[in-house]
Each structure stands twice: as C-alpha cells, then as structure tokens.
Amino acid sequence: MRWKQYKRLLGDARPYLGKLALALVGAVIVAVIVPIVPLFVRAVIDKGITPRHYKVVTELVLAMIGISVIKAIGFGTRRQMAGEISIGVEGDLRQKIYNHVQALDAGYHERVSTGQIMSRATSDINAIRQYMMSLGWSVTLVLQVVAMFAIMFIIAPQLALIFLIAAPFVGYYTYRFADRFDPVVWRMQQNLGEFAAVVEETVVGIRIVKAFGREKDQVRKLTKDADAVYDAAMESINLRARFVPFFNLVPTLGLAAVLWVGGNMAIHGRLTAGTIVALFQYLFLMIQPLRSIGMIIAWGQRAVTASTRIYEILETEPGIADHDGANKIDVTGAGVHFEDVHFAYPDGGPVLDGVTLDVPAGSSVALVGQTGCGKSTLMRLLPRFIEPARGTVTIDGQNVSNVTLRSLRAQIGIVFEDTLLFSDTIAQNIAFGRPDASVEEIVRAAAIAQAHEFIEELPEGYDTVVGEHGYTLSGGQRQRIAIARAILLNPRILILDDATSNVDARVEAAIRKGLVQAMKGRTTIIVARRPQTAALADHVALMDHGRIVDFGTHADLWRENTAYRETLLSSVGVDEIKAAQEVERV
Amino acid sequence: MRPPPSSLGRAIGQQAEQDDSQARFGKSELRLLWPHLRPHLRYGVIASIALMFSQAGALAAPWLVGRGVDKGILSRNERALEVYVLAIVATGIVTWITLRIATSVGGRFGESALRSIRINVFDHLVHLDMSFFEREKVGRLVARLTSDVETIEVLVTEGLVQMSAMFMYLIGSVLVLVAINLRLALVTLAVSMPLMLVGTIIFRGFSERAYRKVRDRIASVLTFMQETVRGVHVVQAFGRERFNSRRFQQVNDDWRDANVRSFWPGAIYFPLAELFGLLGLAAVLMYGGYLAMHGHTVNHKFIPFVTVGVLASFVLYQAATLDPIQQLSQLYDTFQQAMSGLAKLSLLLDERSKIVDTAEAVALDGGHGGAAFDDVNFHYRDDLPLALADVNIEISPGEVLALVGPTGAGKSSIAKLLLRFYDPTTGSVSLDSLDLRNVTVESFRSQTSMVPQEAFLFRGTIRDNIRFGKPEATDHEVESVCRLLGIDEAIHRLPQGYDTEVRERGAALSGGERQLIALARAVLVDPKLMILDEATSNLDAATEAHVEQALRLASAGRTTIVIAHRLSTAARSNRVAVCDHGRIIELGTHDELLARPDGLYAKLYAHWLAN
C-alpha cells in the first residue's frame, strides 16, 4: 500500500474541508442510525409484542420513523457533498494539469505526446472522481461495521467475540488484494494512455491516413492497444474475482456461527429471542459493507495510481524556469549577442558547436545554411525554449537565463515555421499574445502583414472563426495571420522562421514590404531560405554543421562565397539568379 | 467585430448545449451496446446463471435463520439447529464460488464488449470522410473514444452484472416475503411501492433534465485543453499562459456548475426511497405485531399464524430489499454518465461517410494515371459559394501539371477532389477514364499519394514513417527511396539512423528534414498519381536542388500535380493551369502562357521577376 500517495490523493480534497466536514457529519448520522434501527425492532418484539403492549409497539415504530427521517437527511447531505467534492477535485486537478503543462519546457513536450497528457486529464481524473464520490460512503460503511460490532458486543459479548476471529483474515486479505491490484491498475492506466495517443495522432493526421488509404493499418495499430487495455483489465477483474467474494463469505459464516452458538444459548435460556433477531439483523447489515470493501479498495487503488500519474506531470519541474531572484529584462536597444554557444540533443551529436554572433540593436541578421546546420536551434535559444549546454545568450548585456521568462518573451515576436492557429476568430488569433489589443491595433497589424485585404473579403471578416489548424485557410493566409500575430506584440526583437516561404508569389513581395516595415527599429533574426529573404537583413551569417562559417552582407557573400550562393541557389537556376540580381541591384 | 476580451468559454458552452439537445438518450443507447454484447453473450449467460445461484444463496440465508429460530431455538431442538447452521454454511460456500464465477465471467463479458466498442468506434471514425474531420475538433473526437468509452466501462463490467444481481435480489426478496406471509407482504408493499413509484417517476424527469445540461460540457473542456497542449510552443512564445489559464478556468467552471446541479435530484431521491422502504418496515411491525399478539383469536385458514420467528425473518428480508438502494445510489451517477456517453457515441456512429464504395464499384488496376475533370462544380457546403466552377481539364499519364493562382483560387479544392477527399457537386473527376465514384476507395488510394503542405509525421521511427503508406516495404526499399531523394546520407548521420524516433514536436528534425521524410513516404508507395501541395517550399535551396532532381526521377512514369507557389516550379512543369475564383482561366505550357501578354500568368510572372 502506498500511504504517501493516499495522503496526497486525499490532500486534493483539502479546499473542500467545509463540504468534507458536512459529508462526514452525514456519513456519521447514517452510520449511527443504521445500527440503531434493529434495536428498535428488538424492543418492539421484546417490550411490545411478547408482553402484548400494543401501545409500546406504536410508540417505538413512530420513534423509528423519526430517526429514519434524520438518517435520510444525513444520507442526502452526504451524497450531495460527496458529489460536489468529487466534481471540485476533478476540476481543480484538470486546471492544475492545464496550468502546469503550459509551463513545461519544449524538451518535455517533445518527449510526452499530447495523447498521453490528455489521458491523464481524462481517464486518470475520472478514477479519482469516482473514488472521491465513494469517500463519504466508505466512511459510513466503516463506521457502520464498527458501530454494529460495538452494539453486538454490548448485547451479546460472547457472540461478538466470534467476529474477532474473522478480523485478521479480513485484514490480511484486504492488504493482499490492494498489493496485488496495484501494478495491474498501473499497467491498465498506462495502456489507456497509449490508446489515447494513437487516437489523438490519427485524428490530427487524418489527411495523411486518408490520402494513403491506411485506415485499416491505424485500426490494426489501435487494436493492439485496445488488446493491451483489455488484457490489463481482465487481470484486474480476475483479481477482483479471487478476492471480493471472500468478503462476502465472512458474514455468512458469521451468521452460521451466531445461529449455532447463540441458538444453543437461547435454548438454554441465556439469550432472548429478540436479541437473537437483532443480532441477525446486524449480521445482515454487515454483509453489504463487507462486500463493498472489495469494490472500494479497487476504486481506491485505481485512484491512487491515477493520482501518481497525474502528479508525475505536476511534479515535473519545468526544465526552463525563472531562476531565484530573476529580474524583468530591461531592454533599451535590444542588442542580441550569442557567445560561444554549444548545444546538443540528449541522443545526438552537437547541433551548435561554438557559435558567436552579434546582432547590434535595431539591426538584422539572416541565418543561412543547409537543413540541419543548426540555424533553427540557434533561434530557439533566444526566447529560451532551450538552453545552451555552454556559452551565453544576452540581450543588452543581460543573460537571458537570468531574467524572467515572461518579460523576456514579451520582448520577442516569433513567426514559426509551422503556422498553428487556434480555434477562434481571426481577430482573436491575431491578438493571441495581447488579448486586450484594440480593434484598431489588430487591423493595423493585419495591414502590415498584408492580411487585412483577404480578411475583409472573408464572409465574416475578422470574426471568421478559423478551424482547428486553420483548415479553411490556405497556407499563405495562415502565414500572414501568424505574422500579424507577431507584429501586434510590438516586440523589440523579431524572429522569423522562413516567414515568407509558403506564400504565393504575388503576395510574397507585398509581405516582404510589410516585413521591412515591421523590422524597422527592431532587432531581427531571420532564418532565410532564399536570396530575397536573406537580402532583407543587414548582415547574413552562413552556418554549417553548427558553426558560423562566414559573415557579411548578402551582397558580399553572394559575390565571394560559392558555398553561400549554392546554399541559397536551387536548381531553379536562371530565374532565381535573375531575381537575386534584381535584389542585389537595389 | 467582436471585442477582443473573449467569451470563447461561453461560445463553447452554447455549442455544447446545442449538441446536448440532439443527444437524447433512451433505448437506442442500449441498442448500440447490443451488437457488442451479443458475440460474448455466452459469458453473460454464464455470469447471470452463476449470479442467480449466488443471489439464491444470499436469499436463502435469512430464511434458514428464520427456520433455525423457529424449529431450533424456539422448539428447543439442538439437532434441528445444527442442520440449519450447516445449511447456512453450505449456502455461503455456494455463494462464494458462484460469485467468483459471476465476477470473472461477467467481467470478461463487459471487457470484451468494451474492447469491441473501442475498436469499432475507431474503425467507424477513421472511415468517415474529410468533410466530417474538417468540421469536428480533434479534442472532441478523442474524448469520444477515451472519456466517453470509459464512462461505459463501469456500466458494462460491473454495472450490468450488479444491476441484474440487485434486480434478482429485489424480486427474490419480494417472492420470499410473499411466501412467508402474504398479508405482511401485501402490507409492506402497499405502503412502500406506490410512494417509490411516484418518487421514481418524478426523479427521472428531474435527473434527465439535469444531465442533459452536463452532457457535452466535458468535451468542451477537453477540446480546449487538447488544443493548448498541441500548440504549447506558440502559447509559450506569446506569453499567453496566464490568459489561457483564466479562460480554461471559465470553461472548467461552466462544466463544474452544471455538474454540481446535476447531483441534487439524486441527493433527494435516494434518501427518500430508503425512507419509503422503512415506512414499509414500520407497517410490518405494526400489523405483524398486532397479528402476533392476537394471532390466536384471528387465526383461521386465510390468515396464517404469525410467530415471532416469522416476523423476524420478515423484518430481515424487508431490510434486505433496502440494500440495493444504497448501492444503486452509489452507481447511479456512473450509469447516467454511461448513458450520456452512449448517447454521444451513437451520434458519432450515426455519421455516414459520403465517400464509400458503390455496389458497382470496380477496382482500379493497371492504369497509367491519366486524370480528368469534366464540368466539375463543387462547394463545401450548401450554404457556401462554389469553390470550383466549370472545371474541365485533362491530365495525360506521366504529365507534370502545376496549379498556380492566388490564394483561395481553388488549387487546394482541385487537389482534394483528385484525392477523393470530396466528391464533386456536379460533374465528374476520373482517373484512367473511370469516374472516381465508380472505383473502390481502397484500390484508388493505393494508386495515389500526396505530400501535404505541413509535413505531419506519426510517432515512431523514421523508417516507420517512410513505410507508412506501404507497411510491407523492406528496409532496402525504404533506403533506396531515400537514396533516390538524396536524404539517405542525412538520415544515416542521425544518431540512430533510420531508427531515430520522430516525436510529436520533434525539434530534433528540422522542418526540411520532416518535409523530406514526407516526400519519401509519398514516393515509396510508387503511386500512379502524386499530389504535391507546396511540398518544396520549406526546403533550403541546396536541399531543394536535390529534391528537384529526385522528383524529376520520381515523377517519371507517374502523373504529378503540383500546387506551385513559386513560378520557377511552374516553369519546370509540362503544363500550367492558372486558377482564379474557382475556375481554370488559363491552361498551357509555361512558354505558351507567357506568350499571352494579357494573361494572368504572364502578369504574375512579370511581377515575380520584378521582385
């Protein structure tokens, strides 16, 4: 058993102490009154029927109804409160996961799939909710057993002792059950997570699945996971089948023992018939609690496992967070400097191998190099998505590692290579980084990004809701919205990852004009994949195998460096060269 | 324009409520379960029989106790007492064994059904057409297969067995009560039954209304969350965390409020039901006590003698009928959730794909990859304007056709129709002179492939990803395709080569590398018809040079449609189709089109050169 985890699980209910207290009061009322009812029955028989006092029968029955009303109130309170607590805890945990996942660094999100995270937020949280719901009930059951045992002890101590014999067996079985159940449940939740991951990625990548006609393969893949879930579930069911009926057997055997021993005592006049009847009633009342113990243990164990999986996320420290005493960044000119930075992914060779690069305030640098040369990685260092293994990245002389993330990222506008938009209106997507932006600001940013025109032509203009991953917009339109989104922040530093590459020829030039506007007065780093883009920057840095191999103006490098020219020059040939020469002339 | 401080939470909530109204539950949900339960019915039957025995055992015990009291204790007969004691032990053991069987076989029954539901719903889902997926949100669909299916879990694994156990127990108890003493039985039932019946009817109304509100809120919560997790890099880059947390809180709180309200009916009903049962007990004590006292005077053949023993066992059975109420109360919310889960699943299963094989569909085989659009008109939805109008084009086998034109001109729509993601509204699209509607989807897909605009890769190794469209491809095939595309070397340079894991936001692979893998994936299936959607635009020029070279080799012998955003790509193709406002306005070779000075292509090209 994992007491620490149990404690943590129950700790999640702490904000609901008031409700918990009410639920417990309800639970206690029920637990106390349930065992009292048989006492009334006994009294009716012994004090009313046997001595033929009908008035006593009436009085006792009325009193019994009275306390039953109180019990009903207790029951109702317990149920409502348990429900509210379980919903509260469920909501809290989901919020906690949500908040925390947003804070976790890029490295974490590369390791853990969306499906796995979502599965914690669904099936694991459900397990906890179910357990919380049963919390008040289990308190009632335990108290009931204890109370009934106490009463039995008072009215017939010799008979009650019989039950003490059973206690160690029940205890041992309970322990064994919980112990064996634990790994099985863990496996089951893990498998459910894998299952969710396959579902999630299939739905996200459905276009590919369909275009390649691989539906059946995905179903086969999923069947494997469904089988794994099934196997683990069956294991847990077989365990339950082995243990739970035992909890049922105990009270029945007790019944036989009481009938035998108690019956003999009654025959010899040492026990009244009423007492015997009351005792049996207690035994019957114990069957249900004892039978339910198995179920509650199973729920509890699943909840603990679920909670462990959830806290696995919550206790993962973000690999990148504010250091103690980190201050807000103080940006004046926004000069960016990379000093001898090294970086490698855990399972790979060096991606950056000693890069030193200076981008003076307000100037711009284009990074040029072949796929895998490290230019994207270099950019990811600046907003601290990743941290260099060695070397420093500074803005106006302040190491980005020593300032608060929030203030740092507020200074940087990024246009990602993939232009993910969220399910919301276009206006909201543009205002993503500054939800309080005014309509005018949104329109101005859209205009700079050359997006205003096409947005106006959409059926609902800026209020058009763009679907998940912007299905309804073309790549070029999405890209321009992504640019507007970055511009709206009015950042001091602009990072553009191949911002214009997906845009069709006619708007490409217009966007470039907009970018020139946007770059004015801002320190800009561009990952450039074609000469026109590289030419936008004051300087270009040619990268190869994680190093900067050449640095200068685009015109100089274009003239003097064959490697540079080849990198930017595709087989497109003549046309591109012409275009590049045009640029050169400008 | 809507003011920026967003009310998305509300909007989602409203949307959810609309869906709620559609998802009415009732018998149809149980009908949905049936096909999945039927193949495993023998388990269900075995479990039920075992359960019947175990319930009989459980019911026999109080009767045996009553007999023991009367025949043993009150008659002072120790031998008779011992017989009843042994009988109780025997029933205990029977119950124990049968319950074991019922639990494990009943569990198998439920889990088998659940497994079959999971697979079948997913199977149904992936075969739905693209218009469905473009409408639905990922988070919502994932919730269907995860949280909704899980709500059924308790119902099918424990619930069905428990419910039938409780039901049998209740019926059995009533029968035993009647057998012991008809009069007492009638009295207790006359008091408790009408009350319970009325209470239950009222309760069902309230509870269903409360649950209808809750129904789909959880999907809104999960959808919001899923989207954030998928796009977490953008969220972080824009410092949106706090704002998002607040918004999530709104959605989450909406869900919470609706849920808390849904508990009230149960919190009132179940205690009341128990109280009604207790009133029945009170009646038994009053009337039975009276009979026991005056039994000698009123006893004749219609009114059997009521002994204290009879009264005792009667009271016990009466109490036993109350047990299931507590249990039912515990499982009730779970059942309600299961029902709403089923309702949502049945909505999903009611969706029909429009892209299906017709009865006379033939397999596409041995063609050359010639494609044609005949008088094609197409719109995505009835209320949307035409996305394509009067499109007529013939693409000869092996041709490379470039589609150019401004954004929204219809290039993507042409590609989607060619991939048969959609069928044209009027007119026909054909491959090798066969209307796509008349060929089997499977044979069609095996002859086509595509490279999407944004390279989506699945979890798994690079090798798995390249093999995606042709899982049976050998390592040699995979590597030769990569060599052809000139990426073999680059992949070998990776730490684990072809076995390098591709991760969800795999930054270990650059955008270019991902694109190349997507390209290799498309080429490996050796399609007759290949569609490239801006496939080369993210590559470095040098890499692109490789790819261009490889593509030229790869596209030999197959028809290739390129959605070209760079006119250089168009210039290299055999023919160019210029799209504008859903029409093909110019069609010809690069040189032919340039020769029309007033043409859009010539203008675009001049404009592009001028840059």
# chains A, B, ... in the order shown; residues from 1 in each chain; ligands from 1

$ residues_around --residues "A:Tyr6" --least-positions-apart "4" --cutoff "10 Å" --atoms "only C-alpha atoms" --output "ChimeraX atom specification"
/A:1-2,10-11,300-301,303-305,307-308

$ closest_residue --among "B:His368, B:His565, B:His379, B:Lys470" --to "B:Lys528" --atoms "only C-alpha atoms"
B:His368

$ closest_residue --among "A:Tyr345, A:Lys7, A:Ala31, A:Leu314" --to "A:Glu110" --atoms "only C-alpha atoms"
A:Tyr345

$ atom_distance --atom1 "atom CA of A:Asn561" --atom2 "atom CA of A:Val341"
24.4 Å
